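> Here it is, the structure in full.
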Amino acid sequence: MIEFHLESRSGVPTYLQLVQQVRQAVRLGILSPGDQLPTVKEVVSSLAINPNTVLRAYRELDLEGVVDGRRGVGTFVREQPPPLSADAVKRLRAELTRWAAEARAAGLDADAMAALFGDVVRTPAARRVA
Amino acid sequence: MNALELDGLGKRYGSKWALRDCTLEVPAGTVTALVGPNGAGKTTLLQLAVGLTRPSAGSVGVLGLSPQRDARELLPRVGFVAQEHPLHRGFTIAEMLRLGRELNPRWDDALARERIERLELARGQRVGKLSGGQQAQVALTLALAKRPELLLLDEPVASLDPLARREFLTMLMEAVSEGGITVVLSSHILADLERVCDHLVILSHAQTQLAGPIDDVVASHRVLTAPRTDPATVARVHQVIRESHTERQTTLLVRANGHVYDACWEIHPVDLEEIVLAYLGYAPAPLLREAVAG
Amino acid sequence: MIWVGWRQQRTETLLAAALLAALAALLIPTGLNMASAYDHGGLASCVGHTDGGGACGAAVDAFVQRFRKLGDLLDWVTLVPGIIGILLAAPFVVALEQRTHRLDWTQSITRRRWVAGKLGLAIVTALVAAVALTLLITWWRAPFVRFQGRMDNSIYDDEGTVVAAYALFALGLGLAVGAAWRRTVPALFVAFAGYFAARLFVDTWLRQRLVSPLTTTWQTKAGGHVLDRAWVLSVNPVDAQGHPLHLAECPAGAGPCEVKAPAVSHFQAVYHPASHFWALQARETALFGIVAITLIAFAAVWTLRRD
């Protein structure tokens, strides 16, 4: 079972810290597929944070496919998809490089590019599809 | 639905306005932080919401009702913990719970007893002999066992040590996670507020300076730095909350209207504490500046 | 609210009860003693026949002498209704001072119910205590009263309906001063001082004027039995026409002189007969009662309106 901890001064929003800790735990094998994440109430009891923060983190993890939130039962770790093939990574990197050149030509600096990219990435899946 | 709606609300004591022209909405289900310097009107706002005092101007709507006219209907649904968390010092804890049971129709005695047990407090102990932290916990238990839909807390952890504070907030958050409750709490301790609250209201000079979800607030504010320059171009697009200049450098804290695309500025994220401090030092309009000065 | 109000005045109620219990412990044994002395001495038959002296006169004198000290001790009992009233005002004022009324007002009851509950309970308790006190003292004094009547100030104070009115008045003063000045100890001191001053004023000046006194004139030889058990306000020698007599005075600085005492043929007295007892009681009760109700109402309204 995972135990969350918080770094309040890290500048990283709380929900994101929880998300990262779950991802890390899955990567390291602390959490295996089928394991249940602590309930919202349990997290709230141990960290004294807003339950909405926990809900948000779990929702994010659900959207990313890391966990599966089952109403009334709990939140469980999913079977993880296989890692990306080297070809896929190469292809994506090339596309990104092309995009970056285009953006620089349009006048965006590195920070602006990162902001725009981050904005798009955080959009919910539904909107991305449309 | 909004748990709390203030419309031009004002309260005057003698010739001094403790709260003035305050308009804001607190959505149901949120945990809202009420922040501001002493004398900004936080206590007055909470007292107006629970009906302990009457407005001098404007109106306050609580769960859609008026605290003055609909007191009998509203009081069972609103919980309040005052700043000094007054308790009847000669009463034992058991007697305080009995008071809650006698005076509240929606009293959940099982919940109250369970919380007291978890706090490891003896029911026969006199309230006056408890520590500050324990008294705060008892006061909170009293307010929560009433099963309110809206809970108002006036600086509930101000006089508590860090451990007591943590325990208090834990109990509060557990109550929130059970659902159906909106919380408004005023506090100076910003680190606590950031963990626990999802909404923010900044009160300064008896007026609302800022109100909104905390995530939005943090995401939309930036610190901009550049070699010494005139902030006019930035100020046209974004709202400058605080500006300061040294000989060589200009620093701005802005509320950004979209991304800041002006290349000459270096952009930094800013944490909640800096934002709040900037607003507390902020004089929002020339009118107010004159009023404060004169 | 009833339990809450009672619990909030529990200490004060117990103190008042303890005070009454102490008085009872003091008075019941001696009261029984007096009652039996009265019965065994056959003094009942002496009531109204003490003028001519003789066996009755001596017996009554002996009785009075024996129990006088205790009677005098009870002079201060007239303060007890004041103490009880002030005591029972304390919980209300303490609640305001410590701001615990705000805790109660943010439970689910309205302010009005809170005020009504607490004040109602205090009033009922004060009245019960006052009635108990009156019954106790009246029973104890009964033998004396048969001989001396109850018009004398110090006895009048403890009998009839005035005791309840005094207690309510003290309660009202405590509540009113405390509601305006939310500091318990000084407020209650001031209230008690007010009670004392008012009682003194009424006892010494106002009471006798509540009902018109009667006047009677009689010849020196005839007895003044009409004044038996009455409250005599003044007795003066008068002449046969009823005009006051003046003793001739020595002119100042004229050296020794002899004053010729005039022959006194008649006396005139201004008095309240025993039959005025209830009329006086009723008016004094009404006076203190109305003031008490006004003070209590003020305390209620002031508390409800403030903030």
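Identifiers for the structure tokens are assigned positionally: chains receive A, B, ... in sequence, residues are indexed from 1 per chain, and ligands are indexed from 1 in the order shown.
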Provide as a PDB file with N, CA and C atoms, in the first residue's frame the residues of chain B at most 10 Å from chain C, counting only C-alpha atoms.


ATOM      1  N   TYR B  13     -19.604  50.269  12.658  1.00  0.00           N
ATOM      2  CA  TYR B  13     -19.639  50.477  14.106  1.00  0.00           C
ATOM      3  C   TYR B  13     -19.346  51.939  14.360  1.00  0.00           C
ATOM      4  N   GLN B  47     -19.635  36.799  11.293  1.00  0.00           N
ATOM      5  CA  GLN B  47     -20.721  37.058  12.244  1.00  0.00           C
ATOM      6  C   GLN B  47     -21.992  37.480  11.531  1.00  0.00           C
ATOM      7  N   VAL B  50     -23.694  34.319  10.138  1.00  0.00           N
ATOM      8  CA  VAL B  50     -24.373  33.430  11.082  1.00  0.00           C
ATOM      9  C   VAL B  50     -25.467  34.168  11.849  1.00  0.00           C
ATOM     10  N   GLY B  51     -25.584  35.481  11.604  1.00  0.00           N
ATOM     11  CA  GLY B  51     -26.682  36.209  12.219  1.00  0.00           C
ATOM     12  C   GLY B  51     -26.394  36.721  13.610  1.00  0.00           C
ATOM     13  N   LEU B  52     -25.131  36.730  14.024  1.00  0.00           N
ATOM     14  CA  LEU B  52     -24.811  37.271  15.341  1.00  0.00           C
ATOM     15  C   LEU B  52     -24.866  38.786  15.332  1.00  0.00           C
ATOM     16  N   THR B  53     -24.869  39.362  14.145  1.00  0.00           N
ATOM     17  CA  THR B  53     -24.933  40.804  14.049  1.00  0.00           C
ATOM     18  C   THR B  53     -25.711  41.179  12.794  1.00  0.00           C
ATOM     19  N   ARG B  54     -26.154  42.441  12.745  1.00  0.00           N
ATOM     20  CA  ARG B  54     -27.038  42.842  11.639  1.00  0.00           C
ATOM     21  C   ARG B  54     -26.293  43.728  10.649  1.00  0.00           C
ATOM     22  N   PRO B  55     -26.579  43.600   9.342  1.00  0.00           N
ATOM     23  CA  PRO B  55     -25.877  44.453   8.371  1.00  0.00           C
ATOM     24  C   PRO B  55     -26.300  45.918   8.490  1.00  0.00           C
ATOM     25  N   ALA B  71     -34.034  33.060  10.811  1.00  0.00           N
ATOM     26  CA  ALA B  71     -33.101  32.514  11.803  1.00  0.00           C
ATOM     27  C   ALA B  71     -33.510  31.125  12.254  1.00  0.00           C
ATOM     28  N   ARG B  72     -34.772  30.949  12.535  1.00  0.00           N
ATOM     29  CA  ARG B  72     -35.181  29.661  13.098  1.00  0.00           C
ATOM     30  C   ARG B  72     -34.928  28.520  12.129  1.00  0.00           C
ATOM     31  N   GLU B  73     -35.135  28.805  10.842  1.00  0.00           N
ATOM     32  CA  GLU B  73     -34.916  27.742   9.856  1.00  0.00           C
ATOM     33  C   GLU B  73     -33.434  27.542   9.573  1.00  0.00           C
ATOM     34  N   LEU B  74     -32.694  28.636   9.656  1.00  0.00           N
ATOM     35  CA  LEU B  74     -31.305  28.605   9.208  1.00  0.00           C
ATOM     36  C   LEU B  74     -30.337  28.115  10.281  1.00  0.00           C
ATOM     37  N   LEU B  75     -30.571  28.512  11.515  1.00  0.00           N
ATOM     38  CA  LEU B  75     -29.601  28.206  12.566  1.00  0.00           C
ATOM     39  C   LEU B  75     -29.225  26.731  12.659  1.00  0.00           C
ATOM     40  N   PRO B  76     -30.178  25.805  12.506  1.00  0.00           N
ATOM     41  CA  PRO B  76     -29.760  24.396  12.593  1.00  0.00           C
ATOM     42  C   PRO B  76     -28.851  23.968  11.451  1.00  0.00           C
ATOM     43  N   ARG B  77     -28.840  24.745  10.381  1.00  0.00           N
ATOM     44  CA  ARG B  77     -28.070  24.307   9.212  1.00  0.00           C
ATOM     45  C   ARG B  77     -26.712  24.987   9.109  1.00  0.00           C
ATOM     46  N   VAL B  78     -26.432  25.907  10.000  1.00  0.00           N
ATOM     47  CA  VAL B  78     -25.163  26.632   9.949  1.00  0.00           C
ATOM     48  C   VAL B  78     -24.398  26.410  11.242  1.00  0.00           C
ATOM     49  N   GLY B  79     -23.131  26.015  11.115  1.00  0.00           N
ATOM     50  CA  GLY B  79     -22.285  25.846  12.295  1.00  0.00           C
ATOM     51  C   GLY B  79     -21.279  26.981  12.379  1.00  0.00           C
ATOM     52  N   PHE B  80     -20.904  27.324  13.586  1.00  0.00           N
ATOM     53  CA  PHE B  80     -20.013  28.471  13.761  1.00  0.00           C
ATOM     54  C   PHE B  80     -19.061  28.203  14.902  1.00  0.00           C
ATOM     55  N   VAL B  81     -17.778  28.458  14.678  1.00  0.00           N
ATOM     56  CA  VAL B  81     -16.816  28.390  15.776  1.00  0.00           C
ATOM     57  C   VAL B  81     -16.144  29.753  15.855  1.00  0.00           C
ATOM     58  N   ALA B  82     -16.375  30.453  16.950  1.00  0.00           N
ATOM     59  CA  ALA B  82     -15.842  31.805  17.100  1.00  0.00           C
ATOM     60  C   ALA B  82     -14.364  31.768  17.435  1.00  0.00           C
ATOM     61  N   GLU B  84     -12.403  32.815  19.873  1.00  0.00           N
ATOM     62  CA  GLU B  84     -11.865  32.342  21.145  1.00  0.00           C
ATOM     63  C   GLU B  84     -12.433  30.980  21.504  1.00  0.00           C
ATOM     64  N   HIS B  85     -13.108  30.359  20.555  1.00  0.00           N
ATOM     65  CA  HIS B  85     -13.948  29.185  20.804  1.00  0.00           C
ATOM     66  C   HIS B  85     -14.480  29.138  22.224  1.00  0.00           C
ATOM     67  N   PRO B  86     -15.476  30.008  22.520  1.00  0.00           N
ATOM     68  CA  PRO B  86     -15.990  30.023  23.878  1.00  0.00           C
ATOM     69  C   PRO B  86     -16.739  28.745  24.196  1.00  0.00           C
ATOM     70  N   LEU B  87     -16.448  28.212  25.347  1.00  0.00           N
ATOM     71  CA  LEU B  87     -17.167  27.046  25.834  1.00  0.00           C
ATOM     72  C   LEU B  87     -17.523  27.329  27.285  1.00  0.00           C
ATOM     73  N   HIS B  88     -18.534  26.690  27.793  1.00  0.00           N
ATOM     74  CA  HIS B  88     -18.884  26.905  29.199  1.00  0.00           C
ATOM     75  C   HIS B  88     -17.840  26.218  30.056  1.00  0.00           C
ATOM     76  N   ARG B  89     -16.988  27.009  30.672  1.00  0.00           N
ATOM     77  CA  ARG B  89     -15.814  26.439  31.313  1.00  0.00           C
ATOM     78  C   ARG B  89     -16.130  25.497  32.448  1.00  0.00           C
ATOM     79  N   GLY B  90     -17.259  25.728  33.117  1.00  0.00           N
ATOM     80  CA  GLY B  90     -17.566  24.863  34.247  1.00  0.00           C
ATOM     81  C   GLY B  90     -18.194  23.544  33.827  1.00  0.00           C
ATOM     82  N   PHE B  91     -18.574  23.426  32.581  1.00  0.00           N
ATOM     83  CA  PHE B  91     -19.217  22.205  32.110  1.00  0.00           C
ATOM     84  C   PHE B  91     -18.186  21.117  31.898  1.00  0.00           C
ATOM     85  N   GLU B  95     -21.367  17.246  29.475  1.00  0.00           N
ATOM     86  CA  GLU B  95     -22.415  18.263  29.578  1.00  0.00           C
ATOM     87  C   GLU B  95     -22.443  19.167  28.355  1.00  0.00           C
ATOM     88  N   MET B  96     -21.281  19.450  27.786  1.00  0.00           N
ATOM     89  CA  MET B  96     -21.257  20.231  26.552  1.00  0.00           C
ATOM     90  C   MET B  96     -21.975  19.481  25.444  1.00  0.00           C
ATOM     91  N   ARG B  98     -24.307  17.342  25.893  1.00  0.00           N
ATOM     92  CA  ARG B  98     -25.734  17.381  26.204  1.00  0.00           C
ATOM     93  C   ARG B  98     -26.337  18.709  25.797  1.00  0.00           C
ATOM     94  N   LEU B  99     -25.588  19.776  26.011  1.00  0.00           N
ATOM     95  CA  LEU B  99     -26.050  21.090  25.551  1.00  0.00           C
ATOM     96  C   LEU B  99     -26.320  21.055  24.063  1.00  0.00           C
ATOM     97  N   GLY B 100     -25.366  20.466  23.306  1.00  0.00           N
ATOM     98  CA  GLY B 100     -25.565  20.351  21.871  1.00  0.00           C
ATOM     99  C   GLY B 100     -26.824  19.569  21.542  1.00  0.00           C
ATOM    100  N   ARG B 101     -27.024  18.502  22.286  1.00  0.00           N
ATOM    101  CA  ARG B 101     -28.198  17.662  22.027  1.00  0.00           C
ATOM    102  C   ARG B 101     -29.485  18.404  22.333  1.00  0.00           C
ATOM    103  N   GLU B 102     -29.491  19.175  23.425  1.00  0.00           N
ATOM    104  CA  GLU B 102     -30.710  19.880  23.827  1.00  0.00           C
ATOM    105  C   GLU B 102     -31.048  21.032  22.897  1.00  0.00           C
ATOM    106  N   LEU B 103     -30.013  21.689  22.404  1.00  0.00           N
ATOM    107  CA  LEU B 103     -30.259  22.914  21.643  1.00  0.00           C
ATOM    108  C   LEU B 103     -30.272  22.717  20.138  1.00  0.00           C
ATOM    109  N   ASN B 104     -29.993  21.513  19.653  1.00  0.00           N
ATOM    110  CA  ASN B 104     -29.952  21.294  18.207  1.00  0.00           C
ATOM    111  C   ASN B 104     -30.832  20.127  17.810  1.00  0.00           C
ATOM    112  N   PRO B 105     -31.827  20.367  16.958  1.00  0.00           N
ATOM    113  CA  PRO B 105     -32.693  19.257  16.564  1.00  0.00           C
ATOM    114  C   PRO B 105     -31.981  18.203  15.709  1.00  0.00           C
ATOM    115  N   ARG B 106     -30.965  18.641  14.929  1.00  0.00           N
ATOM    116  CA  ARG B 106     -30.304  17.704  14.033  1.00  0.00           C
ATOM    117  C   ARG B 106     -29.032  17.131  14.642  1.00  0.00           C
ATOM    118  N   TRP B 107     -28.974  17.057  15.931  1.00  0.00           N
ATOM    119  CA  TRP B 107     -27.747  16.647  16.609  1.00  0.00           C
ATOM    120  C   TRP B 107     -27.438  15.171  16.367  1.00  0.00           C
ATOM    121  N   ALA B 139     -14.886  22.439  20.505  1.00  0.00           N
ATOM    122  CA  ALA B 139     -15.745  23.425  19.835  1.00  0.00           C
ATOM    123  C   ALA B 139     -16.076  22.970  18.424  1.00  0.00           C
ATOM    124  N   LEU B 142     -18.591  20.147  18.498  1.00  0.00           N
ATOM    125  CA  LEU B 142     -19.931  20.692  18.729  1.00  0.00           C
ATOM    126  C   LEU B 142     -20.525  21.205  17.430  1.00  0.00           C
ATOM    127  N   ALA B 143     -19.707  21.902  16.656  1.00  0.00           N
ATOM    128  CA  ALA B 143     -20.227  22.478  15.416  1.00  0.00           C
ATOM    129  C   ALA B 143     -20.498  21.399  14.375  1.00  0.00           C
ATOM    130  N   LYS B 146     -23.659  18.945  14.808  1.00  0.00           N
ATOM    131  CA  LYS B 146     -24.911  19.591  14.464  1.00  0.00           C
ATOM    132  C   LYS B 146     -25.309  19.288  13.023  1.00  0.00           C
TER     133      LYS B 146
END

> Check which residues of chain B sit at most 6 Å from chain A using only C-alpha atoms, and return one row each with the closest pair of atoms and their distance in Å to one decimal, ordered by chain and rising number, as JSON lines.


{"residue": "B:Leu169", "atom": "CA", "partner": "A:Ala48", "partner_atom": "CA", "distance": 5.9}
{"residue": "B:Thr170", "atom": "CA", "partner": "A:Ala48", "partner_atom": "CA", "distance": 4.4}
{"residue": "B:Ser177", "atom": "CA", "partner": "A:Pro51", "partner_atom": "CA", "distance": 5.5}
{"residue": "B:Arg195", "atom": "CA", "partner": "A:Ile49", "partner_atom": "CA", "distance": 4.9}
{"residue": "B:Val196", "atom": "CA", "partner": "A:Asn50", "partner_atom": "CA", "distance": 4.6}

> Just the selected residues (N, CA, C and O atoms), exported as an mmCIF file, in the first residue's frame, please.


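Saved file result_8.cif follows:
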data_model
loop_
_atom_site.group_PDB
_atom_site.id
_atom_site.type_symbol
_atom_site.label_atom_id
_atom_site.label_comp_id
_atom_site.auth_asym_id
_atom_site.auth_seq_id
_atom_site.Cartn_x
_atom_site.Cartn_y
_atom_site.Cartn_z
ATOM 1 N N LEU B 169 -7.227 20.322 11.631
ATOM 2 C CA LEU B 169 -7.506 20.339 10.197
ATOM 3 C C LEU B 169 -7.833 18.948 9.678
ATOM 4 O O LEU B 169 -8.644 18.795 8.764
ATOM 5 N N THR B 170 -7.198 17.936 10.257
ATOM 6 C CA THR B 170 -7.509 16.565 9.833
ATOM 7 C C THR B 170 -8.974 16.276 10.091
ATOM 8 O O THR B 170 -9.689 15.764 9.227
ATOM 9 N N SER B 177 -14.827 15.362 3.659
ATOM 10 C CA SER B 177 -14.816 14.232 2.728
ATOM 11 C C SER B 177 -16.090 13.420 2.825
ATOM 12 O O SER B 177 -16.393 12.657 1.923
ATOM 13 N N ARG B 195 -3.256 23.796 1.857
ATOM 14 C CA ARG B 195 -3.505 22.354 1.828
ATOM 15 C C ARG B 195 -4.982 22.080 1.864
ATOM 16 O O ARG B 195 -5.441 21.080 1.339
ATOM 17 N N VAL B 196 -5.675 22.901 2.555
ATOM 18 C CA VAL B 196 -7.003 22.543 3.007
ATOM 19 C C VAL B 196 -8.103 23.204 2.171
ATOM 20 O O VAL B 196 -9.177 22.658 2.012
#

> For CA of Ala35 in chain C and CA of Val145 in chain C, quote the distance in Å rounded to one decimal.

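Separation between CA of Ala35 in chain C and CA of Val145 in chain C: 12.0 Å.
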
> How far is it from CA of Arg255 in chain B to CA of Leu190 in chain B, in Å with one decimal?

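So the answer is 19.3 Å.
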
> Going by DSSP on the backbone, which residues of range 42-277 of chain B come out as helix (DSSP H, G or I)? List them as number ranges by chain.

B: 42-50, 71-77, 93-103, 109-118, 127-129, 132-145, 162-177, 190-196, 214-220, 232-237, 272-277

> Identify, on the basis of only C-alpha atoms, every residue whose closest approach to Gly160 in chain C does not exceed 10 Å; exclude the query and any residue fewer than 4 positions from it along the same chain; express the result as a count of residues only.

12

> Can you list, as a count of residues only, every protein, DNA or RNA residue that comes within 7 Å of range 155-167 of chain B when you count only C-alpha atoms, leaving out same-chain residues fewer than 5 positions away?

9

> May I ask for the distance between CA of Tyr195 in chain C and CA of Leu19 in chain C, given in Å to one decimal place?

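Separating CA of Tyr195 in chain C from CA of Leu19 in chain C is a distance of 18.7 Å.
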
> Of the residues B:Val184, B:Met173, B:Leu34, B:Val260, which is the one nearest to Arg236 in chain B, using only C-alpha atoms?

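Closest residue, counting only C-alpha atoms: B:Val260.
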
> From range 49-289 of chain B, collect each residue whose DSSP state is strand (DSSP E or B) and return the set as a PyMOL selection string.

chain B and resi 57-62+65+78-81+92+126+150-154+182-186+199-204+207-213+221-227+239-245+249-255+266-269
